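Pasting coords_9.txt here (compact mmCIF, C-alpha atoms and all ligand atoms):
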# COMPACT_ATOMS: atom_id res chain seq x y z
CA MET A 1035 -2.09 20.89 -8.17
CA LYS A 1036 -2.60 22.41 -4.74
CA GLU A 1037 -2.22 19.28 -2.67
CA PHE A 1038 -0.67 15.91 -3.42
CA ILE A 1039 -0.88 12.79 -1.27
CA ASP A 1040 0.92 9.49 -1.87
CA SER A 1041 -1.06 7.07 0.31
CA HIS A 1042 1.20 4.07 -0.19
CA CYS A 1043 4.97 4.14 -0.02
CA HIS A 1044 7.69 2.88 2.29
CA ILE A 1045 10.79 4.39 3.81
CA PHE A 1046 13.03 1.73 5.23
CA ASN A 1047 16.47 0.35 4.72
CA ILE A 1048 18.51 -2.78 5.14
CA VAL A 1049 18.41 -2.46 8.94
CA ASP A 1050 14.64 -2.82 8.97
CA ILE A 1051 14.30 -5.79 6.64
CA PRO A 1052 14.95 -9.39 7.67
CA LEU A 1053 17.41 -9.71 4.81
CA TYR A 1054 18.61 -13.26 5.29
CA GLU A 1055 15.10 -14.57 5.69
CA THR A 1056 14.26 -12.68 2.55
CA ILE A 1057 17.08 -14.25 0.60
CA GLN A 1058 16.08 -17.69 1.81
CA GLY A 1059 12.70 -17.00 0.31
CA LYS A 1060 10.90 -16.91 3.62
CA VAL A 1061 9.76 -13.38 2.97
CA ASN A 1062 9.72 -13.15 -0.75
CA PHE A 1063 7.10 -10.49 -1.24
CA ASN A 1064 6.76 -8.61 -4.45
CA THR A 1065 9.90 -7.24 -5.96
CA PHE A 1066 11.96 -8.91 -3.27
CA SER A 1067 11.28 -12.32 -4.72
CA LYS A 1068 12.10 -11.15 -8.22
CA LEU A 1069 15.28 -9.56 -6.98
CA PHE A 1070 16.61 -12.04 -4.52
CA LEU A 1071 15.49 -15.23 -6.17
CA GLY A 1072 17.41 -13.91 -9.14
CA THR A 1073 20.56 -13.39 -7.13
CA ALA A 1074 20.28 -15.77 -4.18
CA VAL A 1075 21.18 -18.89 -6.12
CA PRO A 1076 24.34 -17.50 -7.73
CA LEU A 1077 25.46 -16.25 -4.31
CA THR A 1078 26.61 -19.79 -3.68
CA GLY A 1079 27.90 -20.26 -7.22
CA GLY A 1080 29.33 -17.56 -9.44
CA LEU A 1081 27.58 -14.39 -8.41
CA TYR A 1082 29.36 -12.38 -11.02
CA ALA A 1083 27.99 -14.27 -13.94
CA ALA A 1084 27.35 -11.69 -16.61
CA SER A 1085 23.62 -12.25 -16.80
CA LYS A 1086 23.28 -11.84 -13.06
CA MET A 1087 25.33 -8.67 -13.12
CA LYS A 1088 22.88 -7.37 -15.64
CA GLU A 1089 20.04 -8.34 -13.34
CA ILE A 1090 21.67 -6.51 -10.43
CA GLU A 1091 22.37 -3.50 -12.64
CA LYS A 1092 18.70 -3.41 -13.56
CA LYS A 1093 17.70 -3.45 -9.89
CA LYS A 1094 20.34 -0.91 -8.91
CA ASP A 1095 17.96 1.86 -7.83
CA PHE A 1096 15.95 -0.56 -5.75
CA ILE A 1097 19.01 -2.04 -4.02
CA LYS A 1098 20.51 1.38 -3.40
CA PHE A 1099 17.37 2.49 -1.61
CA PHE A 1100 18.05 -0.16 1.03
CA GLU A 1101 21.67 0.86 1.42
CA ARG A 1102 20.89 4.52 2.00
CA SER A 1103 20.29 6.12 5.36
CA LEU A 1104 16.65 6.85 6.06
CA GLU A 1105 17.36 10.58 5.96
CA ASP A 1106 18.99 10.36 2.55
CA SER A 1107 16.00 8.43 1.25
CA ILE A 1108 13.65 11.04 2.68
CA PHE A 1109 15.43 13.89 0.90
CA LYS A 1110 15.74 11.98 -2.34
CA PHE A 1111 12.05 11.13 -2.26
CA GLU A 1112 11.23 14.76 -1.51
CA LYS A 1113 13.32 15.97 -4.43
CA HIS A 1114 11.46 13.66 -6.81
CA LEU A 1115 8.08 14.80 -5.50
CA LEU A 1116 8.96 18.48 -5.78
CA GLU A 1117 10.16 17.93 -9.33
CA LEU A 1118 6.73 16.55 -10.10
CA THR A 1119 4.58 19.17 -8.40
CA GLY A 1120 6.69 22.33 -8.22
CA ASP A 1121 7.07 24.37 -5.05
CA ASN A 1122 3.49 25.46 -4.52
CA THR A 1123 1.93 22.13 -3.65
CA ASP A 1124 1.32 20.81 -0.15
CA ILE A 1125 2.67 17.27 -0.28
CA LEU A 1126 2.00 14.47 2.17
CA ILE A 1127 3.34 10.93 2.04
CA THR A 1128 2.37 8.14 4.42
CA PRO A 1129 5.19 5.57 4.50
CA LEU A 1130 3.86 2.23 5.74
CA ILE A 1131 5.84 0.37 8.38
CA ILE A 1132 5.63 -3.42 8.21
CA ASP A 1133 5.67 -5.46 11.41
CA PHE A 1134 8.39 -8.09 10.85
CA ASP A 1135 8.41 -9.33 14.44
CA TYR A 1136 7.29 -12.83 13.49
CA VAL A 1137 10.12 -13.28 10.97
CA LYS A 1138 12.86 -11.89 13.18
CA GLU A 1139 16.24 -13.35 12.40
CA ASP A 1140 17.45 -13.69 15.96
CA GLU A 1141 16.28 -12.89 19.43
CA ASP A 1142 17.69 -9.38 19.72
CA ASN A 1143 15.28 -6.50 19.67
CA PHE A 1144 17.25 -4.39 17.26
CA SER A 1145 14.81 -4.81 14.43
CA ASN A 1146 11.57 -5.15 16.29
CA LEU A 1147 8.52 -3.10 15.42
CA GLU A 1148 9.01 -0.39 17.99
CA ALA A 1149 12.73 0.01 17.22
CA GLN A 1150 11.92 0.27 13.53
CA THR A 1151 9.23 2.85 14.23
CA LYS A 1152 11.57 4.92 16.40
CA ARG A 1153 14.31 4.85 13.75
CA LEU A 1154 11.94 6.20 11.12
CA LEU A 1155 10.49 8.86 13.42
CA ASN A 1156 14.00 9.96 14.44
CA ALA A 1157 15.01 10.30 10.80
CA ILE A 1158 11.86 12.30 10.02
CA ASN A 1159 12.39 14.54 13.04
CA LYS A 1160 16.02 15.18 12.12
CA ALA A 1161 15.06 16.00 8.54
CA SER A 1162 12.02 18.00 9.56
CA PRO A 1163 13.54 21.53 9.81
CA GLU A 1164 14.58 21.32 6.15
CA LEU A 1165 11.63 19.35 4.83
CA LYS A 1166 9.15 20.94 2.48
CA ILE A 1167 6.90 17.90 2.39
CA LYS A 1168 4.99 16.20 5.21
CA ILE A 1169 5.78 12.62 6.19
CA CYS A 1170 3.27 10.85 8.40
CA PRO A 1171 3.78 7.08 8.69
CA PHE A 1172 1.43 4.19 9.38
CA ILE A 1173 2.62 1.79 12.07
CA GLY A 1174 2.62 -1.92 11.22
CA PHE A 1175 0.88 -4.54 13.30
CA ASP A 1176 0.91 -8.32 13.01
CA LEU A 1177 -2.57 -9.39 14.09
CA ARG A 1178 -1.27 -12.71 15.43
CA LYS A 1179 -0.22 -10.67 18.45
CA LEU A 1180 -3.90 -10.28 19.34
CA ILE A 1181 -3.88 -13.83 20.65
CA LEU A 1182 -1.42 -12.83 23.37
CA THR A 1183 -2.99 -11.83 26.68
CA ASP A 1184 -1.73 -8.28 26.25
CA GLY A 1185 -1.96 -8.27 22.43
CA LEU A 1186 -4.60 -5.59 22.04
CA GLN A 1187 -2.92 -3.61 24.80
CA GLN A 1188 0.36 -3.71 22.84
CA ILE A 1189 -1.07 -1.90 19.82
CA GLN A 1190 -3.12 0.40 22.03
CA ASN A 1191 0.05 1.38 23.90
CA LEU A 1192 1.93 1.95 20.65
CA TRP A 1193 -0.94 4.06 19.40
CA ALA A 1194 -1.05 6.05 22.64
CA THR A 1195 2.68 6.75 22.29
CA TYR A 1196 3.03 7.37 18.56
CA GLY A 1197 -0.45 7.63 17.06
CA PHE A 1198 -2.10 10.85 16.07
CA SER A 1199 -5.77 11.46 15.36
CA PRO A 1200 -6.13 14.79 13.56
CA LYS A 1201 -8.68 17.17 14.99
CA LYS A 1202 -11.47 18.16 12.68
CA ASN A 1203 -10.25 20.60 10.01
CA THR A 1204 -6.52 19.76 10.30
CA THR A 1205 -4.86 20.52 6.97
CA ILE A 1206 -1.71 19.07 5.39
CA LYS A 1207 0.02 22.36 6.18
CA GLU A 1208 -0.82 22.08 9.86
CA ILE A 1209 -0.04 18.44 10.45
CA LYS A 1210 3.20 17.72 12.27
CA ASN A 1211 5.87 15.64 10.57
CA GLY A 1212 6.18 12.18 12.08
CA SER A 1213 2.56 11.99 13.26
CA ILE A 1214 1.48 8.37 12.86
CA LEU A 1215 -1.86 8.46 11.11
CA GLY A 1216 -2.88 4.82 10.80
CA ILE A 1217 -2.08 1.12 11.02
CA LYS A 1218 -0.67 -1.10 8.27
CA LEU A 1219 -1.62 -4.79 8.12
CA TYR A 1220 0.32 -7.30 6.02
CA PRO A 1221 -1.63 -10.61 6.15
CA PRO A 1222 0.61 -12.58 3.71
CA MET A 1223 3.23 -12.61 6.45
CA GLY A 1224 1.10 -15.24 8.14
CA PHE A 1225 -2.30 -14.25 9.51
CA ASN A 1226 -5.93 -14.27 8.51
CA PRO A 1227 -7.41 -10.86 9.39
CA TYR A 1228 -10.72 -12.55 10.28
CA PRO A 1229 -9.95 -16.04 11.52
CA ALA A 1230 -12.49 -18.59 12.76
CA GLU A 1231 -10.53 -19.04 15.98
CA ASN A 1232 -10.13 -16.23 18.49
CA LYS A 1233 -12.53 -14.17 16.41
CA GLU A 1234 -13.63 -12.07 19.35
CA ARG A 1235 -10.06 -10.83 19.94
CA TYR A 1236 -9.84 -9.60 16.38
CA LEU A 1237 -13.27 -7.98 16.56
CA GLU A 1238 -12.20 -6.10 19.67
CA PHE A 1239 -9.29 -4.69 17.70
CA TYR A 1240 -11.52 -3.57 14.80
CA ARG A 1241 -14.08 -2.05 17.18
CA TRP A 1242 -11.29 -0.07 18.79
CA CYS A 1243 -10.19 1.18 15.34
CA VAL A 1244 -13.75 2.27 14.56
CA GLU A 1245 -14.10 3.97 17.93
CA LYS A 1246 -10.81 5.87 17.51
CA ASP A 1247 -11.42 6.39 13.77
CA ILE A 1248 -7.98 4.91 12.96
CA PRO A 1249 -7.42 4.28 9.25
CA ILE A 1250 -6.11 0.82 8.34
CA THR A 1251 -4.22 -0.03 5.16
CA VAL A 1252 -4.18 -3.72 4.34
CA HIS A 1253 -2.14 -5.41 1.66
CA CYS A 1254 -4.59 -6.85 -0.89
CA GLN A 1255 -2.97 -8.22 -4.00
CA GLU A 1256 -2.77 -11.83 -5.09
CA GLY A 1257 0.73 -11.86 -6.52
CA SER A 1258 2.58 -10.93 -3.33
CA TYR A 1259 3.81 -13.48 -0.89
CA GLY A 1260 5.44 -13.41 2.48
CA GLY A 1261 5.95 -15.16 5.75
CA SER A 1262 6.74 -18.80 6.22
CA SER A 1263 3.21 -19.91 5.36
CA SER A 1264 2.40 -22.04 2.35
CA LYS A 1265 1.37 -20.43 -0.92
CA LYS A 1266 -2.20 -21.54 -0.36
CA GLU A 1267 -2.30 -20.10 3.16
CA ILE A 1268 -0.88 -16.81 1.97
CA LYS A 1269 -3.52 -16.57 -0.72
CA ASN A 1270 -6.23 -17.32 1.82
CA PHE A 1271 -4.90 -14.73 4.27
CA THR A 1272 -4.73 -11.97 1.66
CA ASN A 1273 -8.06 -12.66 -0.11
CA PRO A 1274 -10.45 -9.67 0.07
CA LEU A 1275 -13.30 -12.14 0.73
CA ASN A 1276 -12.09 -12.19 4.36
CA TRP A 1277 -13.01 -8.54 4.59
CA LEU A 1278 -16.34 -8.97 2.85
CA LYS A 1279 -17.15 -11.63 5.44
CA LEU A 1280 -16.02 -9.40 8.29
CA PHE A 1281 -18.29 -6.59 7.11
CA ASN A 1282 -21.22 -8.94 6.38
CA ASP A 1283 -21.02 -10.66 9.76
CA ASN A 1284 -20.51 -7.51 11.82
CA PRO A 1285 -22.81 -4.61 10.97
CA ASP A 1286 -21.32 -2.67 13.92
CA LEU A 1287 -18.08 -2.42 11.91
CA LYS A 1288 -19.68 -0.88 8.84
CA ASN A 1289 -17.82 2.40 9.42
CA LEU A 1290 -14.37 0.77 9.64
CA LYS A 1291 -11.93 2.96 7.76
CA ILE A 1292 -9.85 0.70 5.56
CA ASN A 1293 -7.77 0.87 2.40
CA PHE A 1294 -7.42 -2.34 0.37
CA ALA A 1295 -3.95 -1.69 -1.00
CA HIS A 1296 -3.11 -2.33 -4.66
CA PHE A 1297 -6.79 -2.69 -5.76
CA GLY A 1298 -6.17 -6.41 -6.18
CA GLY A 1299 -3.09 -5.72 -8.32
CA ASP A 1300 -2.82 -5.25 -12.06
CA ASP A 1301 -3.38 -9.00 -12.40
CA GLY A 1302 -6.55 -8.70 -10.33
CA VAL A 1303 -7.84 -6.01 -12.67
CA GLU A 1304 -6.82 -8.17 -15.64
CA ASP A 1305 -8.75 -11.13 -14.14
CA MET A 1306 -11.83 -8.99 -13.63
CA LEU A 1307 -11.99 -7.72 -17.21
CA ASP A 1308 -12.85 -10.81 -19.15
CA PRO A 1309 -14.18 -10.06 -22.62
CA LEU A 1310 -15.31 -13.69 -22.95
CA LYS A 1311 -17.87 -13.22 -20.20
CA ILE A 1312 -20.20 -11.28 -22.45
CA TRP A 1313 -23.35 -12.33 -20.59
CA VAL A 1314 -22.11 -10.54 -17.45
CA GLY A 1315 -20.84 -7.43 -19.20
CA GLY A 1316 -17.27 -8.72 -19.53
CA ILE A 1317 -16.78 -8.62 -15.76
CA ASP A 1318 -15.58 -11.62 -13.76
CA LYS A 1319 -17.29 -11.24 -10.40
CA ASN A 1320 -15.08 -13.85 -8.77
CA SER A 1321 -11.93 -11.80 -9.26
CA TRP A 1322 -10.17 -10.16 -6.32
CA THR A 1323 -10.55 -6.71 -7.79
CA TYR A 1324 -14.30 -7.19 -8.14
CA THR A 1325 -14.55 -8.29 -4.50
CA ILE A 1326 -12.76 -5.07 -3.57
CA ILE A 1327 -15.20 -3.11 -5.72
CA LYS A 1328 -18.08 -4.68 -3.75
CA LEU A 1329 -16.46 -3.49 -0.53
CA LEU A 1330 -15.88 -0.01 -1.95
CA GLN A 1331 -19.42 0.38 -3.22
CA LYS A 1332 -21.18 -0.99 -0.14
CA TYR A 1333 -19.33 0.48 2.83
CA PRO A 1334 -18.81 4.21 3.40
CA ASN A 1335 -15.21 4.28 4.70
CA THR A 1336 -13.56 1.73 2.42
CA TYR A 1337 -10.83 2.79 0.00
CA SER A 1338 -8.36 1.18 -2.37
CA ASP A 1339 -4.97 2.49 -3.46
CA ILE A 1340 -3.62 1.74 -6.89
CA SER A 1341 0.03 1.60 -5.80
CA ALA A 1342 2.58 -0.59 -7.60
CA TYR A 1343 0.30 -0.74 -10.62
CA ASN A 1344 2.29 -1.87 -13.63
CA TYR A 1345 1.81 0.64 -16.44
CA GLY A 1346 4.41 -1.22 -18.48
CA LYS A 1347 6.70 -0.07 -21.23
CA ASP A 1348 5.28 -1.93 -24.19
CA LYS A 1349 1.92 -3.29 -25.32
CA LEU A 1350 2.56 -6.73 -23.88
CA ASN A 1351 3.23 -5.55 -20.33
CA ASP A 1352 0.85 -2.67 -20.51
CA PHE A 1353 -2.02 -2.88 -18.07
CA SER A 1354 -2.81 0.79 -18.65
CA HIS A 1355 -5.75 -0.01 -20.88
CA ASN A 1356 -7.33 -2.11 -18.11
CA LEU A 1357 -7.22 0.75 -15.65
CA LYS A 1358 -8.64 3.07 -18.29
CA LYS A 1359 -11.48 0.60 -18.80
CA VAL A 1360 -12.22 0.54 -15.05
CA ILE A 1361 -12.48 4.33 -14.99
CA GLU A 1362 -14.86 4.30 -17.95
CA LEU A 1363 -17.03 1.55 -16.44
CA ASP A 1364 -17.22 3.51 -13.19
CA TYR A 1365 -18.31 6.73 -14.88
CA LYS A 1366 -20.86 4.81 -16.96
CA GLY A 1367 -22.31 3.36 -13.75
CA LYS A 1368 -21.58 -0.23 -14.76
CA PHE A 1369 -20.54 -1.34 -11.27
CA LYS A 1370 -23.76 -1.87 -9.36
CA GLU A 1371 -22.86 -3.26 -5.95
CA GLY A 1372 -23.82 -0.26 -3.86
CA GLU A 1373 -24.28 3.47 -3.67
CA PHE A 1374 -20.61 4.53 -3.84
CA LYS A 1375 -18.55 5.15 -6.96
CA LEU A 1376 -14.92 4.15 -7.41
CA LYS A 1377 -13.99 7.73 -8.26
CA ASP A 1378 -14.71 8.60 -4.62
CA LYS A 1379 -12.87 5.57 -3.22
CA LEU A 1380 -9.59 5.10 -5.10
CA LEU A 1381 -6.35 6.57 -3.78
CA TRP A 1382 -3.12 7.44 -5.52
CA GLY A 1383 -0.10 5.48 -4.29
CA SER A 1384 3.29 4.62 -5.72
CA ASP A 1385 4.67 1.84 -3.48
CA VAL A 1386 8.13 3.43 -3.63
CA PRO A 1387 10.66 1.80 -3.28
CA MET A 1388 9.11 -1.38 -4.72
CA VAL A 1389 8.66 0.26 -8.13
CA LEU A 1390 12.02 2.04 -8.28
CA SER A 1391 13.48 -0.36 -10.82
CA ASP A 1392 10.30 -0.90 -12.81
CA ASP A 1393 10.12 -0.04 -16.47
CA SER A 1394 7.24 2.34 -15.88
CA TYR A 1395 9.20 4.22 -13.18
CA LYS A 1396 12.26 4.81 -15.36
CA GLY A 1397 14.33 6.24 -12.51
CA HIS A 1398 11.96 9.02 -11.62
CA TYR A 1399 8.71 9.38 -9.66
CA LYS A 1400 7.49 11.85 -12.27
CA ASN A 1401 7.62 9.18 -14.99
CA TYR A 1402 5.56 6.79 -12.92
CA PHE A 1403 2.93 9.40 -12.05
CA ASN A 1404 2.77 10.60 -15.65
CA LYS A 1405 1.91 7.07 -16.77
CA PHE A 1406 -1.10 7.14 -14.47
CA GLU A 1407 -2.06 10.64 -15.57
CA LYS A 1408 -1.90 9.52 -19.18
CA VAL A 1409 -4.30 6.67 -18.44
CA VAL A 1410 -6.84 9.09 -16.94
CA LYS A 1411 -6.45 11.55 -19.80
CA SER A 1412 -6.95 8.81 -22.38
CA ALA A 1413 -10.19 7.59 -20.79
CA ASN A 1414 -13.40 8.06 -22.69
CA ILE A 1415 -14.97 10.45 -20.16
CA SER A 1416 -15.50 14.23 -20.19
CA ASP A 1417 -12.67 16.65 -19.43
CA PRO A 1418 -14.23 17.82 -16.15
CA ASP A 1419 -14.58 14.16 -15.15
CA LYS A 1420 -10.89 13.56 -15.88
CA LYS A 1421 -9.97 16.52 -13.73
CA GLU A 1422 -12.25 15.33 -10.96
CA PHE A 1423 -10.87 11.78 -11.06
CA LEU A 1424 -7.27 12.98 -10.78
CA GLU A 1425 -8.03 15.46 -7.99
CA ASN A 1426 -10.01 12.86 -6.10
CA LEU A 1427 -7.21 10.30 -6.18
CA ILE A 1428 -4.34 12.58 -5.25
CA THR A 1429 -6.19 14.93 -2.88
CA ASN A 1430 -9.84 14.53 -1.92
CA ASN A 1431 -10.12 10.79 -1.29
CA PRO A 1432 -6.88 10.42 0.70
CA LYS A 1433 -7.86 13.42 2.83
CA GLU A 1434 -11.15 11.70 3.69
CA PHE A 1435 -9.29 8.47 4.42
CA LEU A 1436 -6.71 10.20 6.62
CA ASN A 1437 -9.20 12.42 8.47
CA LEU A 1438 -7.68 15.62 7.08
CA LYS A 1439 -9.32 18.72 5.75
ZN ZN B 1501 3.70 -1.54 -0.21
Go ahead and express the file in the form of structure tokens.
Amino acid sequence: MKEFIDSHCHIFNIVDIPLYETIQGKVNFNTFSKLFLGTAVPLTGGLYAASKMKEIEKKKDFIKFFERSLEDSIFKFEKHLLELTGDNTDILITPLIIDFDYVKEDEDNFSNLEAQTKRLLNAINKASPELKIKICPFIGFDLRKLILTDGLQQIQNLWATYGFSPKKNTTIKEIKNGSILGIKLYPPMGFNPYPAENKERYLEFYRWCVEKDIPITVHCQEGSYGGSSSKKEIKNFTNPLNWLKLFNDNPDLKNLKINFAHFGGDDGVEDMLDPLKIWVGGIDKNSWTYTIIKLLQKYPNTYSDISAYNYGKDKLNDFSHNLKKVIELDYKGKFKEGEFKLKDKLLWGSDVPMVLSDDSYKGHYKNYFNKFEKVVKSANISDPDKKEFLENLITNNPKEFLNLK
């Protein structure tokens, strides 16, 4: 491969994460909940119970990632990527920063959004002279801030300071390390991206993103929770129907550039493929993944990354066949919600470090990517189509999304 882009990963460490809140279950998103709910209880009892030690041992790679300095993580990540691609590939990763300001542990500003952003940029800058890959983050933003008098100004100032809009024809080779290419939204932390109240404030933000052509990546998977909101609220905040409504209600936003991260999750894909629903072609149109497909097919600048997808180690945990099925349905033209095809809208993403201790990762990025590659190669489509699908996900589609040539 000539170019390789991972559109969804994270580079942060223990300094950036509200750890104690996390342990208390206030921010128990994704792997965190699995990890800390497994260990948090014994922390008060016998932490060293053998079964728990085993649990910790299993999560070792994941925990270690948070103990490492950002620079160490950068070089380790780079090493893994180069071992996958070899030396002749232009590699770009876009680590997503999450705005934790609303779950801050205390009043100091040590871990606020801007401090977190600066720490990452400093680490990238320091590593830069030796780096062979390009690292261009997305800055996080908690949309609740839009209600503040200077809310929109806050993100606009951050963007003016750290943001970077590539000029036409900028290539991966040319882009400067540490350029912030987009904005990451994490609704489960406690906000509806298109609320009934203060709607106009939110619309102003989206119109600004369209005007500046700023790509947004929004978390969009049912199984992940966060914030201090109730389970029901979190589900409502994260539901892709919010975005369908936003697009339906506001034709002026039809060109909004947005990536619905995780494609609804492997459970969303599982929900969508329902062999019992024979009369509708085995597709459950009420599933989250299908809602995302509607968005992808109808609107020109919508994308969806398949990061954190569980390829599993055995038949029982193996969602690979579902993804394979989606590819086949796409190439057969079975999704009929609009003019666009999924092959032109899906993005490769890993969600490192969240997958570091997963069975399908097996300690190495290469293993995780190979699982995905195997899915594509096993699909019942032509060889040129397989090649096209892979190239689109790792190169062509993310370049369109990120405004790169
Ligand atoms: Zn993520």
Ligand ZN 1501 (chain B) neighbours within 8 Å using only C-alpha atoms and all ligand atoms, as a short mmCIF file (atom, residue, chain, number, x, y, z; two decimals) with C-alpha atoms, keeping the file's coordinate frame:
data_model
loop_
_atom_site.label_atom_id
_atom_site.label_comp_id
_atom_site.auth_asym_id
_atom_site.auth_seq_id
_atom_site.Cartn_x
_atom_site.Cartn_y
_atom_site.Cartn_z
CA HIS A 1042 1.20 4.07 -0.19
CA CYS A 1043 4.97 4.14 -0.02
CA HIS A 1044 7.69 2.88 2.29
CA LEU A 1130 3.86 2.23 5.74
CA HIS A 1253 -2.14 -5.41 1.66
CA ALA A 1295 -3.95 -1.69 -1.00
CA SER A 1341 0.03 1.60 -5.80
CA ALA A 1342 2.58 -0.59 -7.60
CA ASP A 1385 4.67 1.84 -3.48
CA VAL A 1386 8.13 3.43 -3.63
CA MET A 1388 9.11 -1.38 -4.72
#
Name all residues at most 12 Å from Pro1229 in chain A (count all atoms listed in the file; drop same-chain ones fewer than 6 positions away) and give them as a short mmCIF file (atom, residue, chain, number, x, y, z; two decimals) with C-alpha atoms, in the coordinates of the input.
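The resulting file, result.cif, is reproduced below:
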data_model
loop_
_atom_site.label_atom_id
_atom_site.label_comp_id
_atom_site.auth_asym_id
_atom_site.auth_seq_id
_atom_site.Cartn_x
_atom_site.Cartn_y
_atom_site.Cartn_z
CA LEU A 1177 -2.57 -9.39 14.09
CA ARG A 1178 -1.27 -12.71 15.43
CA LEU A 1180 -3.90 -10.28 19.34
CA ILE A 1181 -3.88 -13.83 20.65
CA PRO A 1221 -1.63 -10.61 6.15
CA ARG A 1235 -10.06 -10.83 19.94
CA TYR A 1236 -9.84 -9.60 16.38
CA LEU A 1237 -13.27 -7.98 16.56
CA ASN A 1270 -6.23 -17.32 1.82
CA PHE A 1271 -4.90 -14.73 4.27
CA THR A 1272 -4.73 -11.97 1.66
CA LEU A 1275 -13.30 -12.14 0.73
CA ASN A 1276 -12.09 -12.19 4.36
CA TRP A 1277 -13.01 -8.54 4.59
CA LYS A 1279 -17.15 -11.63 5.44
CA LEU A 1280 -16.02 -9.40 8.29
#
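Of the listed residues A:Asp1050, A:Glu1304, A:Asp1124, A:Glu1362, the one whose atoms come nearest to Ile1428 in chain A is A:Asp1124, with distances taken using all atoms listed in the file.
Counting all atoms listed in the file, the residue from A:Ser1107, A:Leu1165, A:Ser1199, A:Tyr1395 that sits nearest to Lys1246 in chain A is A:Ser1199.
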Checklist entry - So how far away is CA of Ile1131 in chain A from CA of Lys1098 in chain A, in Å? => result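 CA of Ile1131 in chain A lies 18.8 Å from CA of Lys1098 in chain A.
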Checklist entry - Taking all atoms listed in the file into account, which of A:Lys1269, A:Lys1036, A:Lys1218, A:Lys1291 comes nearest Glu1245 in chain A? => result A:Lys1291
Item to check | Point-to-point distance in Å for CA of Ile1048 in chain A and CA of Glu1091 in chain A | outcome: 18.2 Å
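Interatomic distance, CA of Phe1198 in chain A against CA of Lys1210 in chain A: 9.5 Å.
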Item to check | Pick from A:Ile1169, A:Leu1186, A:Leu1116, A:Ile1327 nearest to Glu1373 in chain A, counting all atoms listed in the file | outcome: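 Nearest to Glu1373 in chain A: A:Ile1327.
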Next on the checklist: Set the distance at 9 Å and use all atoms listed in the file: which residues neighbour Asn1146 in chain A once local chain neighbours fewer than 5 positions away are removed? I'd like the list as a ChimeraX atom specification.
Outcome noted: /A:1050,1133-1135,1138,1151
Item to check | Best match for closeness to Phe1225 in chain A among A:Lys1094, A:Lys1179, A:Lys1396, A:His1114, counting all atoms listed in the file | outcome: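 With all atoms listed in the file as the atom set, the closest residue is A:Lys1179.
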Checklist outcome for this item: Between A:Val1303, A:Val1389, A:Val1244, A:Ile1312, smallest distance to Asn1335 in chain A by only C-alpha atoms belongs to A:Val1244
Next on the checklist: Using all atoms listed in the file, list the residues that have an atom at most 10 Å from (12.0, 10.8, -6.5), coordinates as in the file, as a ChimeraX atom specification.
Outcome noted: /A:1107-1118,1386-1387,1390,1395,1397-1402
Item to check | Contact residues around range 1153-1160 of chain A with only C-alpha atoms at 8 Å, ignoring same-chain residues under 6 positions, as number ranges by chain | outcome: A: 1045-1046, 1104-1105, 1108, 1169, 1211-1212
Item to check | Contacts of Asn1293 in chain A within 6 Å, all atoms listed in the file, excl. fewer than 4 positions in-chain, as a PyMOL selection string | outcome: chain A and resi 1251+1336-1338
Item to check | All residues 10 Å or closer to Lys1359 in chain A, all atoms listed in the file, same chain fewer than 2 positions away omitted, as a VMD selection string | outcome: chain A and resid 1303 1307 1354 to 1357 1361 to 1365 1409 to 1410 1413 to 1414
Can I get the selected residues back with C-alpha atoms, as an mmCIF file, in the frame of the given file?
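Ended up saving to selection.cif:
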data_model
loop_
_atom_site.group_PDB
_atom_site.id
_atom_site.type_symbol
_atom_site.label_atom_id
_atom_site.label_comp_id
_atom_site.auth_asym_id
_atom_site.auth_seq_id
_atom_site.Cartn_x
_atom_site.Cartn_y
_atom_site.Cartn_z
ATOM 1 C CA VAL A 1303 -7.840 -6.010 -12.670
ATOM 2 C CA LEU A 1307 -11.990 -7.720 -17.210
ATOM 3 C CA SER A 1354 -2.810 0.790 -18.650
ATOM 4 C CA HIS A 1355 -5.750 -0.010 -20.880
ATOM 5 C CA ASN A 1356 -7.330 -2.110 -18.110
ATOM 6 C CA LEU A 1357 -7.220 0.750 -15.650
ATOM 7 C CA ILE A 1361 -12.480 4.330 -14.990
ATOM 8 C CA GLU A 1362 -14.860 4.300 -17.950
ATOM 9 C CA LEU A 1363 -17.030 1.550 -16.440
ATOM 10 C CA ASP A 1364 -17.220 3.510 -13.190
ATOM 11 C CA TYR A 1365 -18.310 6.730 -14.880
ATOM 12 C CA VAL A 1409 -4.300 6.670 -18.440
ATOM 13 C CA VAL A 1410 -6.840 9.090 -16.940
ATOM 14 C CA ALA A 1413 -10.190 7.590 -20.790
ATOM 15 C CA ASN A 1414 -13.400 8.060 -22.690
#
Put the listed atoms of range 1146-1152 of chain A in a box along x, y and z with 5 Å added on every side and give me the centre and edge lengths in Å to one decimal, as lines of an AutoDock Vina configuration file.
center_x = 10.6
center_y = -0.1
center_z = 15.8
size_x = 14.2
size_y = 20.1
size_z = 14.5
Next on the checklist: Residues within 12 Å of (-13.2, 2.4, -8.6), file coordinates, counting only C-alpha atoms: what are they? Give the list as a ChimeraX atom specification.
Outcome noted: /A:1294,1296-1298,1303,1323-1331,1336-1340,1357-1372,1374-1382,1423,1426-1427,1431
